[in-house]
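Participant: Please find one structure pasted underneath; my questions will follow.
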Number of protein chains: 4
Amino acid sequence: MEKRQAIIQAATALFGSIGFDGTTTLEIANEASITEPLIYYHFKGKDDLFTHSLELAFNEYFTRLDQLPNRSSTEFQKITAVIDLHFQIVDDLPEQTRLIITTCPAKLYDPNNICRKKYSEARKRLSKYINGCLTRGVKKGEFIKLSIPETTHMLLALINGLLRQRVFQLADTDTDGVKDATIEFCRRSLTGGQFGIQA
Amino acid sequence: MEKRQAIIQAATALFGSIGFDGTTTLEIANEASITEPLIYYHFKGKDDLFTHSLELAFNEYFTRLDQLPNRSSTEFQKITAVIDLHFQIVDDLPEQTRLIITTCPAKLYDPNNICRKKYSEARKRLSKYINGCLTRGVKKGEFIKLSIPETTHMLLALINGLLRQRVFQLADTDTDGVKDATIEFCRRSLTGGQFGIQA
Amino acid sequence: MEKRQAIIQAATALFGSIGFDGTTTLEIANEASITEPLIYYHFKGKDDLFTHSLELAFNEYFTRLDQLPNRSSTEFQKITAVIDLHFQIVDDLPEQTRLIITTCPAKLYDPNNICRKKYSEARKRLSKYINGCLTRGVKKGEFIKLSIPETTHMLLALINGLLRQRVFQLADTDTDGVKDATIEFCRRSLTGGQFGIQA
Amino acid sequence: MEKRQAIIQAATALFGSIGFDGTTTLEIANEASITEPLIYYHFKGKDDLFTHSLELAFNEYFTRLDQLPNRSSTEFQKITAVIDLHFQIVDDLPEQTRLIITTCPAKLYDPNNICRKKYSEARKRLSKYINGCLTRGVKKGEFIKLSIPETTHMLLALINGLLRQRVFQLADTDTDGVKDATIEFCRRSLTGGQFGIQA
DNA sequence: CATGAATGAGCGTTCATTCAT
DNA sequence: AATGAATGAACGCTCATTCAT
């Protein structure tokens, strides 16, 4: 059972850095310090191994999404939390994040692929969370009036873009600075800039 | 010479939809209605063909970046223009955009790959443009005071995220709505919400 | 010891229906409701298991050949008995018969293979029996004069052909009819058609 | 096109002597003095190559069946001709005959396999031919009264058995002797032994 | 410019077999 | 007697690439 984990870990790392097609089962075996056929003892094939690796990665992500604040706190604090989460996850689960971000783009046009399914689910969850924040925030008067679905989409794109930037280390600036700038940027825009302070 | 174009076009479409490794030279030949060896007459190999296709795609993109407004107009109009451009390009050059977005993630960890080089150049150009806008905007008082490099990074991420969203058709809302919401969102945040007017 | 039988039984059935190479040790294990390594506890390997299965099948066949009538009765009744036996054995030992008929053809060109050895032995026994019948029958005047070795070969071929036909259910006619027609056919030819009586 | 034939020839010989599963594509390539991938250039795969080889072998057989005498000649001459044909074909097309006889038994239980289909067709043709001979022979009074379908089946089995015997060289007697003995055997049985002479 | 034919290298996978327990 | 885990060897097949024409 221990080797099974080693295989998934090796696969996650390799798929994430050189892609699904770019990784050979032999490389995975070497990386996991086992022989190739053992992969086929534990998994149905390369595809199955990929599915399991991706599912594990998404499950870790979904678990974190589930831990986002529900009640209490202001709506903006909730927005802050979701941005925070996406900065945090790159540090905590770098290989899982990389796996998701690297391998899926080439598989997104096949509607039956897990990538597509998991992406949809992730979007649905995030959408629901952010949409809820915006709706309540506007209702309470915490946020200014804005077109909620469209702004939700925009925030999704923003979060996604930030995640990629970090994963590929495209930004050479210090991370916390970007995170803070992002939060401030959103705060001003959502609240209309009235309240300068936030916990 | 005409066939050479057909090959690049076919390669762009196929690489963009099923990835570099997922596409075979035979598929490209079929799509271009030619035979495989002709690819090798016109290009050194699959990698070379990919390089040319990607360069062409990036050149179209860079040409558009070069046409962004320089003088005149307010800084925010310039920001609006760059956002606009990234919404527009998906409609105008869907396959080129898809090529860039689909194939590069799996190649970004190799520092000598063109993907990495072109990505860097694109970021550099965009960065410079946005950084300039922000710097001048803050100086003029058109924008509020903000941490310029960090905000630049954030805006880059936002633009990139929006582009991906459109390319993969992940958002089910009407596009113009998202674009307008994005522009408004930025306007409020950059100007502090004081000026209600935008072109 | 009971499991050993289960393994042989499973092997006989599978080898007989999809061939030696077409059957995997895992399939045998599953069919016998045991695990693969147990096969290697009871047998040296797949070949050894095949050898044992085939030997068992041939032993059952040889036992029956030994029970063919020796003395008494007419020579033609003895011929009838051997034809009868080959019709009967398909009903009594369908899987053993199938094993012999299905797996051996692909192994007959290797002179050291058991298939070849067992086939030879079977032919020798049958040959001896039939040759004896014909020789005595001709001597006694029960049969007409005929070339004994050649007719023996022909009868061997006939019996073999009938066996295959039944095993593969190639004939859609009722079996007893074919058997009776065969016996009558032989009777007429061997006796010259003079004596109309048969048991 | 010439290499394509070489591949089929090599495949026919190898499949026929060591079976379908017992033959590797590499062995076929070596035997045909080409490299493995060329097999896949000319055929879809090993199965496809087998199908083509088998079809070719059966076509040669069917062509010969089509050349059997139709009119003229006595019915018994026609029976003689079909027996003759099966003795002749082993000399003329040894590898094709061997292919059919060796590889099919392990595939006959799969109703969608070509082996089954071709076997059925062969039986149908032979059946029709022999059935016709018997029917007309009885009608004309050339043959004695006998149960036609059952005797047809028996003769099919006899012919099949003789073919196998020759292909596997199981009989150590001289071939012509066996053939003549067979023909005489049938003559006596079919005609009731009245007419001693045949052309 | 263009192609049919051919190949070297390597990949995903299977399978009989073994080992540690 | 029995098994879960593991492996060496090999197999069918694909693919980018080349050669002869």
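Residues in the structure tokens are named by chain (A, B, ... in the order shown) and by number from 1 within that chain; ligands are numbered from 1 in the order shown.
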For chain E against chain A, with a cut-off of 12 Å and counting only C-alpha atoms (C1' of nucleotides), what is the closest atom pair and its distance in Å to one decimal for every residue that makes the cut, ordered by chain and number, as CSV?
Facilitator:
```
residue,atom,partner,partner_atom,distance
E:DG10,C1',A:Thr24,CA,9.9
E:DC11,C1',A:Thr24,CA,7.2
E:DG12,C1',A:Thr25,CA,7.4
E:DT13,C1',A:Gly45,CA,7.9
E:DT14,C1',A:Pro37,CA,8.8
E:DC15,C1',A:Pro37,CA,10.1
```
Participant: Using only C-alpha atoms (C1' of nucleotides), find which residues of chain A lie within 10 Å of chain F and jot them down as a ChimeraX atom specification.
Facilitator: /A:1,3,34-38,41-42
Participant: Taking only C-alpha atoms into account, name the residue in B:Arg187, B:Arg71, B:Lys117, B:Arg64 that is nearest to Gln88 of chain B.
Facilitator: B:Arg64
Participant: When you count only C-alpha atoms, which of these residues is closest to chain A: B:Gln5, B:Thr135, B:Ser127, B:Ser147?
Facilitator: B:Ser147
Participant: Using only C-alpha atoms, select each residue of chain B with any atom at most 8 Å away from an atom of chain A, and give the selection as a ChimeraX atom specification.
Facilitator: /B:16-19,21-22,101-103,105-109,120,146-147,149-151,153-154,156-162,164-165,168,170-171,173,177-178,181-182,185-190,192-193
Participant: When DSSP works through the backbone of this structure, what residues of segment 72-173 of chain D end up as helix (DSSP H, G or I), shown as number ranges by chain?
Facilitator: D: 75-92, 94-103, 105-107, 114-140, 148-167
Participant: Skip Leu93 of chain A itself and residues of its chain fewer than 6 positions away, then list as a list of chain:residue names all residues within 9 Å of it, counting only C-alpha atoms (C1' of nucleotides).
Facilitator: A:Ala57, A:Glu60, A:Tyr61
Participant: Report, in Å to a single decimal, how far apart atom CA of Thr12 of chain D and atom CA of Thr12 of chain C are.
Facilitator: 28.0 Å
Participant: Between atom CA of Ser72 of chain A and atom CA of Leu85 of chain A, what distance in Å does the model show, to one decimal?
Facilitator: 17.8 Å
Participant: Which residues are close to segment 50-55 of chain C, i.e. within 7 Å by only C-alpha atoms (C1' of nucleotides), leaving aside same-chain residues fewer than 5 positions away? Reply as an mmCIF file with N, CA and C atoms, in the first residue's frame.
Facilitator:
```cif
data_model
loop_
_atom_site.group_PDB
_atom_site.id
_atom_site.type_symbol
_atom_site.label_atom_id
_atom_site.label_comp_id
_atom_site.auth_asym_id
_atom_site.auth_seq_id
_atom_site.Cartn_x
_atom_site.Cartn_y
_atom_site.Cartn_z
ATOM 1 N N ILE C 8 -6.611 -28.359 -12.297
ATOM 2 C CA ILE C 8 -6.578 -29.140 -13.533
ATOM 3 C C ILE C 8 -7.882 -29.005 -14.310
ATOM 4 N N THR C 12 -8.094 -27.488 -17.944
ATOM 5 C CA THR C 12 -8.629 -28.301 -19.038
ATOM 6 C C THR C 12 -9.715 -27.544 -19.798
ATOM 7 N N ILE C 100 -7.834 -31.974 -25.961
ATOM 8 C CA ILE C 100 -6.947 -32.688 -26.880
ATOM 9 C C ILE C 100 -7.055 -32.127 -28.289
ATOM 10 N N ILE C 114 4.566 -33.198 -25.634
ATOM 11 C CA ILE C 114 3.726 -34.331 -25.260
ATOM 12 C C ILE C 114 2.620 -34.566 -26.234
#
```
